[in-house]
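Dumped model-v1.cif below, it's mmCIF, C-alpha atoms:
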data_query
#
loop_
_atom_site.group_PDB
_atom_site.id
_atom_site.type_symbol
_atom_site.label_atom_id
_atom_site.label_comp_id
_atom_site.auth_asym_id
_atom_site.auth_seq_id
_atom_site.Cartn_x
_atom_site.Cartn_y
_atom_site.Cartn_z
ATOM 1 C CA MET A 1 184.422 -69.712 68.000
ATOM 2 C CA GLU A 2 181.524 -67.943 69.710
ATOM 3 C CA GLN A 3 179.013 -70.233 71.382
ATOM 4 C CA ILE A 4 175.271 -69.739 70.934
ATOM 5 C CA ALA A 5 172.862 -70.454 73.800
ATOM 6 C CA ILE A 6 169.103 -70.393 74.196
ATOM 7 C CA VAL A 7 167.876 -69.836 77.765
ATOM 8 C CA THR A 8 164.147 -70.337 78.271
ATOM 9 C CA GLY A 9 162.267 -68.494 81.002
ATOM 10 C CA ALA A 10 165.127 -66.011 81.124
ATOM 11 C CA SER A 11 163.379 -62.845 82.281
ATOM 12 C CA LYS A 12 163.262 -63.676 86.000
ATOM 13 C CA GLY A 13 164.853 -65.717 88.766
ATOM 14 C CA ILE A 14 167.260 -68.516 87.955
ATOM 15 C CA GLY A 15 166.875 -68.122 84.188
ATOM 16 C CA ARG A 16 167.717 -64.426 84.323
ATOM 17 C CA GLU A 17 170.878 -65.094 86.326
ATOM 18 C CA ILE A 18 171.934 -67.881 83.941
ATOM 19 C CA ALA A 19 171.408 -65.626 80.920
ATOM 20 C CA LYS A 20 173.420 -62.826 82.559
ATOM 21 C CA GLN A 21 176.342 -65.026 83.544
ATOM 22 C CA LEU A 22 176.575 -66.768 80.174
ATOM 23 C CA ALA A 23 176.455 -63.448 78.327
ATOM 24 C CA LYS A 24 179.200 -62.049 80.561
ATOM 25 C CA GLN A 25 181.354 -65.059 79.636
ATOM 26 C CA GLY A 26 181.128 -64.145 75.959
ATOM 27 C CA ILE A 27 178.404 -66.616 75.006
ATOM 28 C CA LYS A 28 175.791 -65.203 72.633
ATOM 29 C CA VAL A 29 172.478 -65.592 74.483
ATOM 30 C CA ILE A 30 168.940 -65.721 73.142
ATOM 31 C CA ALA A 31 166.844 -65.011 76.243
ATOM 32 C CA ASN A 32 163.323 -66.365 75.918
ATOM 33 C CA TYR A 33 160.373 -64.954 77.829
ATOM 34 C CA ASN A 34 156.600 -65.282 77.570
ATOM 35 C CA LYS A 35 154.665 -62.753 79.667
ATOM 36 C CA SER A 36 157.425 -60.803 81.426
ATOM 37 C CA GLU A 37 158.327 -58.393 78.624
ATOM 38 C CA GLN A 38 159.319 -55.558 80.953
ATOM 39 C CA GLN A 39 161.768 -57.742 82.880
ATOM 40 C CA ALA A 40 163.223 -59.104 79.633
ATOM 41 C CA ASN A 41 163.827 -55.582 78.334
ATOM 42 C CA GLU A 42 165.359 -54.583 81.658
ATOM 43 C CA LEU A 43 167.755 -57.545 81.406
ATOM 44 C CA LYS A 44 168.771 -56.486 77.897
ATOM 45 C CA GLN A 45 169.286 -52.869 78.982
ATOM 46 C CA GLU A 46 171.261 -53.907 82.064
ATOM 47 C CA LEU A 47 173.707 -55.873 79.946
ATOM 48 C CA GLU A 48 173.915 -53.170 77.277
ATOM 49 C CA LYS A 49 175.294 -50.837 79.952
ATOM 50 C CA GLU A 50 178.243 -53.252 80.118
ATOM 51 C CA ASN A 51 178.486 -53.348 76.307
ATOM 52 C CA ILE A 52 177.082 -56.872 76.212
ATOM 53 C CA GLU A 53 174.464 -57.686 73.565
ATOM 54 C CA ILE A 54 171.803 -60.336 73.983
ATOM 55 C CA ASP A 55 168.689 -61.192 72.011
ATOM 56 C CA ILE A 56 165.320 -61.393 73.737
ATOM 57 C CA PHE A 57 162.560 -63.433 72.125
ATOM 58 C CA LYS A 58 158.921 -63.735 73.192
ATOM 59 C CA ALA A 59 157.513 -67.255 72.829
ATOM 60 C CA ASP A 60 155.109 -69.470 74.729
ATOM 61 C CA ILE A 61 157.197 -72.595 74.367
ATOM 62 C CA SER A 62 154.460 -74.799 75.786
ATOM 63 C CA LYS A 63 153.196 -74.543 72.180
ATOM 64 C CA ARG A 64 155.171 -76.405 69.510
ATOM 65 C CA GLU A 65 154.840 -73.699 66.856
ATOM 66 C CA GLU A 66 156.287 -71.064 69.170
ATOM 67 C CA ALA A 67 159.148 -73.309 70.285
ATOM 68 C CA HIS A 68 159.893 -73.849 66.588
ATOM 69 C CA LYS A 69 159.889 -70.100 65.911
ATOM 70 C CA LEU A 70 162.342 -69.490 68.757
ATOM 71 C CA VAL A 71 164.776 -72.090 67.471
ATOM 72 C CA GLN A 72 164.410 -70.919 63.862
ATOM 73 C CA PHE A 73 165.208 -67.369 64.968
ATOM 74 C CA ALA A 74 168.455 -68.611 66.538
ATOM 75 C CA LEU A 75 169.398 -70.720 63.521
ATOM 76 C CA GLU A 76 168.614 -68.022 60.975
ATOM 77 C CA LYS A 77 170.656 -65.435 62.874
ATOM 78 C CA TYR A 78 173.564 -67.558 64.118
ATOM 79 C CA HIS A 79 173.332 -70.769 62.013
ATOM 80 C CA LYS A 80 173.909 -73.035 65.002
ATOM 81 C CA ILE A 81 172.884 -73.719 68.595
ATOM 82 C CA ASP A 82 175.537 -74.991 70.991
ATOM 83 C CA ILE A 83 173.669 -74.800 74.298
ATOM 84 C CA LEU A 84 170.057 -75.167 75.374
ATOM 85 C CA ILE A 85 169.025 -74.297 78.936
ATOM 86 C CA ASN A 86 165.484 -75.579 79.579
ATOM 87 C CA ASN A 87 164.574 -73.377 82.523
ATOM 88 C CA ALA A 88 160.993 -72.230 81.871
ATOM 89 C CA GLY A 89 158.713 -73.286 84.693
ATOM 90 C CA ILE A 90 155.744 -72.442 86.869
ATOM 91 C CA SER A 91 154.607 -73.754 90.239
ATOM 92 C CA GLU A 92 151.198 -74.863 91.460
ATOM 93 C CA TYR A 93 150.408 -74.917 95.185
ATOM 94 C CA LYS A 94 147.133 -76.778 95.652
ATOM 95 C CA MET A 95 145.604 -79.906 97.168
ATOM 96 C CA PHE A 96 145.901 -82.762 94.678
ATOM 97 C CA VAL A 97 142.153 -83.477 94.726
ATOM 98 C CA ASP A 98 141.514 -79.864 93.703
ATOM 99 C CA GLU A 99 143.768 -80.004 90.649
ATOM 100 C CA THR A 100 141.980 -79.724 87.315
ATOM 101 C CA ASP A 101 142.772 -80.859 83.798
ATOM 102 C CA GLU A 102 143.515 -77.213 83.026
ATOM 103 C CA ASP A 103 146.057 -77.151 85.871
ATOM 104 C CA TRP A 104 147.651 -80.326 84.513
ATOM 105 C CA ASN A 105 147.895 -78.921 80.992
ATOM 106 C CA ARG A 106 149.347 -75.628 82.210
ATOM 107 C CA VAL A 107 151.961 -77.053 84.589
ATOM 108 C CA ILE A 108 153.006 -80.057 82.513
ATOM 109 C CA GLY A 109 152.942 -77.962 79.349
ATOM 110 C CA THR A 110 155.145 -75.227 80.751
ATOM 111 C CA ASN A 111 157.532 -77.351 82.799
ATOM 112 C CA LEU A 112 157.863 -80.623 80.887
ATOM 113 C CA TYR A 113 156.431 -80.359 77.379
ATOM 114 C CA SER A 114 158.396 -77.164 76.708
ATOM 115 C CA ALA A 115 161.663 -78.984 77.483
ATOM 116 C CA PHE A 116 160.575 -81.868 75.247
ATOM 117 C CA ALA A 117 159.661 -79.552 72.360
ATOM 118 C CA MET A 118 162.708 -77.305 72.655
ATOM 119 C CA SER A 119 165.059 -80.280 72.850
ATOM 120 C CA GLN A 120 163.491 -81.859 69.766
ATOM 121 C CA GLU A 121 163.831 -78.581 67.888
ATOM 122 C CA VAL A 122 167.541 -78.025 68.651
ATOM 123 C CA ILE A 123 168.817 -81.597 68.464
ATOM 124 C CA PRO A 124 168.986 -81.933 64.650
ATOM 125 C CA ASN A 125 171.398 -78.982 64.472
ATOM 126 C CA MET A 126 173.476 -80.329 67.349
ATOM 127 C CA VAL A 127 173.634 -83.786 65.780
ATOM 128 C CA SER A 128 174.764 -82.347 62.451
ATOM 129 C CA ASN A 129 177.499 -80.395 64.262
ATOM 130 C CA LYS A 130 178.433 -83.421 66.397
ATOM 131 C CA LYS A 131 178.366 -81.381 69.590
ATOM 132 C CA GLY A 132 175.912 -79.826 72.001
ATOM 133 C CA CYS A 133 174.983 -79.241 75.621
ATOM 134 C CA ILE A 134 171.452 -79.444 77.017
ATOM 135 C CA ILE A 135 170.880 -78.475 80.651
ATOM 136 C CA ASN A 136 167.459 -78.945 82.202
ATOM 137 C CA ILE A 137 166.514 -77.038 85.342
ATOM 138 C CA SER A 138 164.662 -79.543 87.504
ATOM 139 C CA SER A 139 163.891 -79.326 91.243
ATOM 140 C CA ILE A 140 164.425 -81.063 94.543
ATOM 141 C CA TRP A 141 160.717 -81.946 94.305
ATOM 142 C CA GLY A 142 161.357 -83.995 91.182
ATOM 143 C CA ILE A 143 163.507 -86.240 93.379
ATOM 144 C CA VAL A 144 161.681 -86.400 96.719
ATOM 145 C CA GLY A 145 158.210 -85.018 95.877
ATOM 146 C CA ALA A 146 156.320 -82.253 97.654
ATOM 147 C CA SER A 147 152.966 -82.172 99.400
ATOM 148 C CA LEU A 148 150.613 -79.633 97.761
ATOM 149 C CA GLU A 149 152.903 -79.528 94.700
ATOM 150 C CA VAL A 150 152.094 -82.848 93.084
ATOM 151 C CA LEU A 151 151.816 -81.548 89.506
ATOM 152 C CA TYR A 152 155.054 -79.611 89.871
ATOM 153 C CA SER A 153 156.749 -82.705 91.304
ATOM 154 C CA ILE A 154 155.458 -84.834 88.416
ATOM 155 C CA SER A 155 156.755 -82.351 85.851
ATOM 156 C CA LYS A 156 160.215 -82.211 87.397
ATOM 157 C CA ALA A 157 160.440 -85.989 87.841
ATOM 158 C CA GLY A 158 159.655 -86.196 84.128
ATOM 159 C CA ILE A 159 162.507 -83.786 83.432
ATOM 160 C CA ASN A 160 164.852 -86.072 85.359
ATOM 161 C CA GLY A 161 163.766 -89.150 83.430
ATOM 162 C CA MET A 162 164.091 -87.373 80.098
ATOM 163 C CA THR A 163 167.555 -86.143 81.057
ATOM 164 C CA LYS A 164 168.888 -89.624 81.781
ATOM 165 C CA ALA A 165 167.313 -91.297 78.755
ATOM 166 C CA LEU A 166 168.285 -88.541 76.328
ATOM 167 C CA ALA A 167 171.870 -88.534 77.575
ATOM 168 C CA LYS A 168 172.152 -92.199 76.585
ATOM 169 C CA GLU A 169 170.585 -91.596 73.191
ATOM 170 C CA LEU A 170 172.644 -88.516 72.298
ATOM 171 C CA GLY A 171 176.003 -89.480 73.801
ATOM 172 C CA PRO A 172 177.280 -91.021 70.523
ATOM 173 C CA SER A 173 176.630 -87.649 68.842
ATOM 174 C CA ASN A 174 178.797 -85.878 71.437
ATOM 175 C CA ILE A 175 175.772 -84.148 72.955
ATOM 176 C CA ARG A 176 175.702 -83.961 76.741
ATOM 177 C CA VAL A 177 172.411 -83.796 78.650
ATOM 178 C CA ASN A 178 172.282 -82.980 82.355
ATOM 179 C CA ALA A 179 169.870 -81.528 84.885
ATOM 180 C CA ILE A 180 170.247 -79.338 87.934
ATOM 181 C CA ALA A 181 167.778 -79.931 90.763
ATOM 182 C CA PRO A 182 167.790 -76.852 93.006
ATOM 183 C CA GLY A 183 166.388 -76.792 96.501
ATOM 184 C CA ILE A 184 164.587 -73.646 97.598
ATOM 185 C CA ILE A 185 166.143 -70.638 95.864
ATOM 186 C CA SER A 186 165.539 -66.952 96.521
ATOM 187 C CA THR A 187 163.263 -66.185 93.552
ATOM 188 C CA GLU A 188 159.754 -64.868 92.927
ATOM 189 C CA MET A 189 158.495 -68.459 92.654
ATOM 190 C CA ASN A 190 159.045 -68.920 96.379
ATOM 191 C CA LYS A 191 157.373 -65.701 97.512
ATOM 192 C CA LYS A 192 154.383 -67.834 98.478
ATOM 193 C CA PHE A 193 156.287 -68.723 101.646
ATOM 194 C CA SER A 194 156.090 -66.342 104.627
ATOM 195 C CA LYS A 195 159.199 -65.150 106.464
ATOM 196 C CA GLU A 196 158.357 -67.585 109.242
ATOM 197 C CA GLU A 197 158.052 -70.479 106.784
ATOM 198 C CA ILE A 198 161.377 -69.569 105.181
ATOM 199 C CA LYS A 199 162.987 -69.502 108.614
ATOM 200 C CA ASP A 200 161.547 -72.942 109.391
ATOM 201 C CA ILE A 201 162.911 -74.283 106.092
ATOM 202 C CA GLU A 202 166.352 -72.789 106.761
ATOM 203 C CA GLU A 203 166.452 -74.612 110.088
ATOM 204 C CA GLU A 204 165.978 -77.899 108.210
ATOM 205 C CA ILE A 205 168.855 -77.179 105.786
ATOM 206 C CA PRO A 206 172.324 -78.221 106.999
ATOM 207 C CA LEU A 207 173.867 -75.053 105.514
ATOM 208 C CA GLU A 208 171.143 -73.048 107.297
ATOM 209 C CA ARG A 209 170.122 -70.821 104.395
ATOM 210 C CA ILE A 210 168.227 -70.895 101.122
ATOM 211 C CA GLY A 211 170.111 -70.793 97.843
ATOM 212 C CA LYS A 212 170.880 -67.947 95.461
ATOM 213 C CA PRO A 213 170.249 -67.905 91.689
ATOM 214 C CA GLU A 214 173.937 -67.277 91.033
ATOM 215 C CA GLU A 215 174.784 -70.593 92.710
ATOM 216 C CA ILE A 216 172.711 -72.397 90.086
ATOM 217 C CA ALA A 217 174.282 -70.310 87.313
ATOM 218 C CA LYS A 218 177.757 -71.381 88.481
ATOM 219 C CA CYS A 219 176.790 -75.031 88.043
ATOM 220 C CA VAL A 220 175.432 -74.279 84.573
ATOM 221 C CA LYS A 221 178.780 -72.700 83.667
ATOM 222 C CA TRP A 222 180.645 -75.781 84.875
ATOM 223 C CA LEU A 223 178.373 -78.178 82.975
ATOM 224 C CA ILE A 224 178.951 -76.211 79.774
ATOM 225 C CA GLU A 225 182.713 -76.298 80.214
ATOM 226 C CA ASP A 226 183.005 -79.925 81.313
ATOM 227 C CA ASN A 227 183.188 -82.485 78.502
ATOM 228 C CA TYR A 228 182.690 -85.754 80.371
ATOM 229 C CA THR A 229 179.573 -85.274 82.466
ATOM 230 C CA THR A 230 176.256 -86.444 81.063
ATOM 231 C CA GLY A 231 173.029 -87.990 82.309
ATOM 232 C CA GLN A 232 173.409 -86.504 85.776
ATOM 233 C CA ILE A 233 170.852 -84.895 88.081
ATOM 234 C CA ILE A 234 172.922 -82.504 90.178
ATOM 235 C CA SER A 235 171.282 -81.559 93.469
ATOM 236 C CA ILE A 236 172.059 -78.081 94.769
ATOM 237 C CA ASN A 237 170.053 -77.746 97.958
ATOM 238 C CA GLY A 238 172.387 -76.997 100.857
ATOM 239 C CA GLY A 239 172.051 -80.574 102.064
ATOM 240 C CA TRP A 240 168.265 -80.280 102.504
ATOM 241 C CA ALA A 241 167.827 -83.595 100.675
ATOM 242 C CA ILE A 242 170.783 -85.936 100.444
ATOM 243 C CA THR A 243 170.005 -89.010 98.332
#

Take the structure I supplied and represent it as structure tokens, if you would.
Amino acid sequence: MEQIAIVTGASKGIGREIAKQLAKQGIKVIANYNKSEQQANELKQELEKENIEIDIFKADISKREEAHKLVQFALEKYHKIDILINNAGISEYKMFVDETDEDWNRVIGTNLYSAFAMSQEVIPNMVSNKKGCIINISSIWGIVGASLEVLYSISKAGINGMTKALAKELGPSNIRVNAIAPGIISTEMNKKFSKEEIKDIEEEIPLERIGKPEEIAKCVKWLIEDNYTTGQIISINGGWAIT
């Protein structure tokens, strides 16, 4: 039976690659985006050239009502949700003392609250079907923290805590909850670093390079297929942080 997946923040970077790879595996994907409509349409058109259909859905999932609309769209069209990939996220590069309440609301809302709201919205359907897979995209900074990215680090540490707790709560319903904590990945989010800074980072990484979005997508594929892994924070960082 065809599996149905929602991928949030799917128009760019890691989310885009996850949506592409899942769709190519025959999973029906609802690709969520907020502001990047052009990139979302380009993703849809790219896959259509390979005769692969996906849905794209605009929603600011940091708002409960829009998260609800996204999930209702999936349920009304496909009547079930098998997989939720909580990928939507933004970064904030600023001294902690300069952070504002507006910064807090934006970063925590996009990175952490959206995962909370989306998970709450899909879980009733998964529980009724006695199966489900939730994968949260976290970060190395949720594990070790990052100077000048305190709010981002807080949001991703929250993702990790939610992942572990929710895995325990949902295990009896045959719902698996895991997180992937990437190191630095070649995406638009990391364009704030200069070529020299990237080179310095690569010298600190045992594998001597930054990661690729497809390497995160491969782990997502494995977590969907595996039936006995839950509550794990899987670090994919080239050995940059080994804990």

Q.
When the PyMOL selection byres ((chain A and resi 9-11) around 6) is applied to the structure above, which residues does it catch, written out as a count of residues only?
A. 12

Q) For A:Ser119, which residue among A:Ser138, A:Ser36, A:Asn190, A:Asn86 is the nearest when counting all atoms listed in the file? A)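 When distances to A:Ser119 are compared using all atoms listed in the file, the smallest one comes from A:Asn86.
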
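All residues of protein, DNA or RNA that reach within 7 Å of stretch 157-161 of chain A, judged by all atoms listed in the file and not counting those fewer than 5 positions away in the chain, are Leu112, Ser138, Gly142, Ile143, Ala179 and Ile233 of chain A.
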
With a cut-off of 10 Å, could you pull out the residues of stretch 127-150 of chain A touching stretch 215-230 of chain A and give me the nearest pair of atoms for each, distance in Å to one decimal, using all atoms listed in the file, ordered by chain and ascending number, as a Markdown table?
| residue | atom | partner | partner_atom | distance |
| --- | --- | --- | --- | --- |
| A:Gly132 | CA | A:Ile224 | CA | 9.1 |
| A:Cys133 | CA | A:Ile224 | CA | 6.5 |
| A:Ile134 | CA | A:Ile224 | CA | 8.6 |
| A:Ile135 | CA | A:Val220 | CA | 7.3 |
| A:Asn136 | CA | A:Val220 | CA | 9.5 |
| A:Ile137 | CA | A:Ile216 | CA | 9.1 |

Atoms to include: C-alpha atoms. Write the selected residues as a PDB file, in the frame of the given file.
ATOM      1  CA  GLY A 132     175.912 -79.826  72.001  1.00  0.00           C
ATOM      2  CA  CYS A 133     174.983 -79.241  75.621  1.00  0.00           C
ATOM      3  CA  ILE A 134     171.452 -79.444  77.017  1.00  0.00           C
ATOM      4  CA  ILE A 135     170.880 -78.475  80.651  1.00  0.00           C
ATOM      5  CA  ASN A 136     167.459 -78.945  82.202  1.00  0.00           C
ATOM      6  CA  ILE A 137     166.514 -77.038  85.342  1.00  0.00           C
TER       7      ILE A 137
END

Q.
Residues within 10 Å of A:Tyr78, please, as a ChimeraX atom specification. Count all atoms listed in the file; anything in the same chain fewer than 3 positions from it doesn't count.
A. /A:2-4,28,72-75,81

For C-alpha atoms, I'd like the residues from the last selection saved as a CSV table (one decimal), in the frame of the given file.
chain,number,residue,atom,x,y,z
A,2,GLU,CA,181.5,-67.9,69.7
A,3,GLN,CA,179.0,-70.2,71.4
A,4,ILE,CA,175.3,-69.7,70.9
A,28,LYS,CA,175.8,-65.2,72.6
A,72,GLN,CA,164.4,-70.9,63.9
A,73,PHE,CA,165.2,-67.4,65.0
A,74,ALA,CA,168.5,-68.6,66.5
A,75,LEU,CA,169.4,-70.7,63.5
A,81,ILE,CA,172.9,-73.7,68.6

Q: Please indicate the distance in Å from atom CA of A:Asp60 to atom CA of A:Lys131, rounded to one decimal place.
A: 26.6 Å

Rebuild N, CA and C atoms on stretch 167-180 of chain A, as a PDB file, keeping the file's coordinate frame?
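File result15.pdb, as written:
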ATOM      1  N   ALA A 167     170.403 -88.491  77.501  1.00  0.00           N
ATOM      2  CA  ALA A 167     171.870 -88.534  77.575  1.00  0.00           C
ATOM      3  C   ALA A 167     172.406 -89.811  76.942  1.00  0.00           C
ATOM      4  N   LYS A 168     171.730 -90.930  77.189  1.00  0.00           N
ATOM      5  CA  LYS A 168     172.152 -92.199  76.585  1.00  0.00           C
ATOM      6  C   LYS A 168     171.974 -92.184  75.068  1.00  0.00           C
ATOM      7  N   GLU A 169     170.875 -91.605  74.628  1.00  0.00           N
ATOM      8  CA  GLU A 169     170.585 -91.596  73.191  1.00  0.00           C
ATOM      9  C   GLU A 169     171.513 -90.668  72.413  1.00  0.00           C
ATOM     10  N   LEU A 170     171.884 -89.535  73.027  1.00  0.00           N
ATOM     11  CA  LEU A 170     172.644 -88.516  72.298  1.00  0.00           C
ATOM     12  C   LEU A 170     174.144 -88.569  72.550  1.00  0.00           C
ATOM     13  N   GLY A 171     174.574 -89.379  73.514  1.00  0.00           N
ATOM     14  CA  GLY A 171     176.003 -89.480  73.801  1.00  0.00           C
ATOM     15  C   GLY A 171     176.863 -89.772  72.572  1.00  0.00           C
ATOM     16  N   PRO A 172     176.464 -90.732  71.705  1.00  0.00           N
ATOM     17  CA  PRO A 172     177.280 -91.021  70.523  1.00  0.00           C
ATOM     18  C   PRO A 172     177.416 -89.842  69.560  1.00  0.00           C
ATOM     19  N   SER A 173     176.535 -88.852  69.680  1.00  0.00           N
ATOM     20  CA  SER A 173     176.630 -87.649  68.842  1.00  0.00           C
ATOM     21  C   SER A 173     177.378 -86.525  69.548  1.00  0.00           C
ATOM     22  N   ASN A 174     178.020 -86.852  70.674  1.00  0.00           N
ATOM     23  CA  ASN A 174     178.797 -85.878  71.437  1.00  0.00           C
ATOM     24  C   ASN A 174     177.920 -84.747  71.979  1.00  0.00           C
ATOM     25  N   ILE A 175     176.697 -85.101  72.344  1.00  0.00           N
ATOM     26  CA  ILE A 175     175.772 -84.148  72.955  1.00  0.00           C
ATOM     27  C   ILE A 175     175.549 -84.574  74.399  1.00  0.00           C
ATOM     28  N   ARG A 176     175.838 -83.669  75.316  1.00  0.00           N
ATOM     29  CA  ARG A 176     175.702 -83.961  76.741  1.00  0.00           C
ATOM     30  C   ARG A 176     174.368 -83.410  77.251  1.00  0.00           C
ATOM     31  N   VAL A 177     173.702 -84.195  78.082  1.00  0.00           N
ATOM     32  CA  VAL A 177     172.411 -83.796  78.650  1.00  0.00           C
ATOM     33  C   VAL A 177     172.462 -83.999  80.160  1.00  0.00           C
ATOM     34  N   ASN A 178     172.272 -82.918  80.900  1.00  0.00           N
ATOM     35  CA  ASN A 178     172.282 -82.980  82.355  1.00  0.00           C
ATOM     36  C   ASN A 178     171.139 -82.150  82.920  1.00  0.00           C
ATOM     37  N   ALA A 179     170.874 -82.335  84.201  1.00  0.00           N
ATOM     38  CA  ALA A 179     169.870 -81.528  84.885  1.00  0.00           C
ATOM     39  C   ALA A 179     170.424 -81.036  86.208  1.00  0.00           C
ATOM     40  N   ILE A 180     169.944 -79.878  86.618  1.00  0.00           N
ATOM     41  CA  ILE A 180     170.247 -79.338  87.934  1.00  0.00           C
ATOM     42  C   ILE A 180     168.945 -79.317  88.719  1.00  0.00           C
TER      43      ILE A 180
END
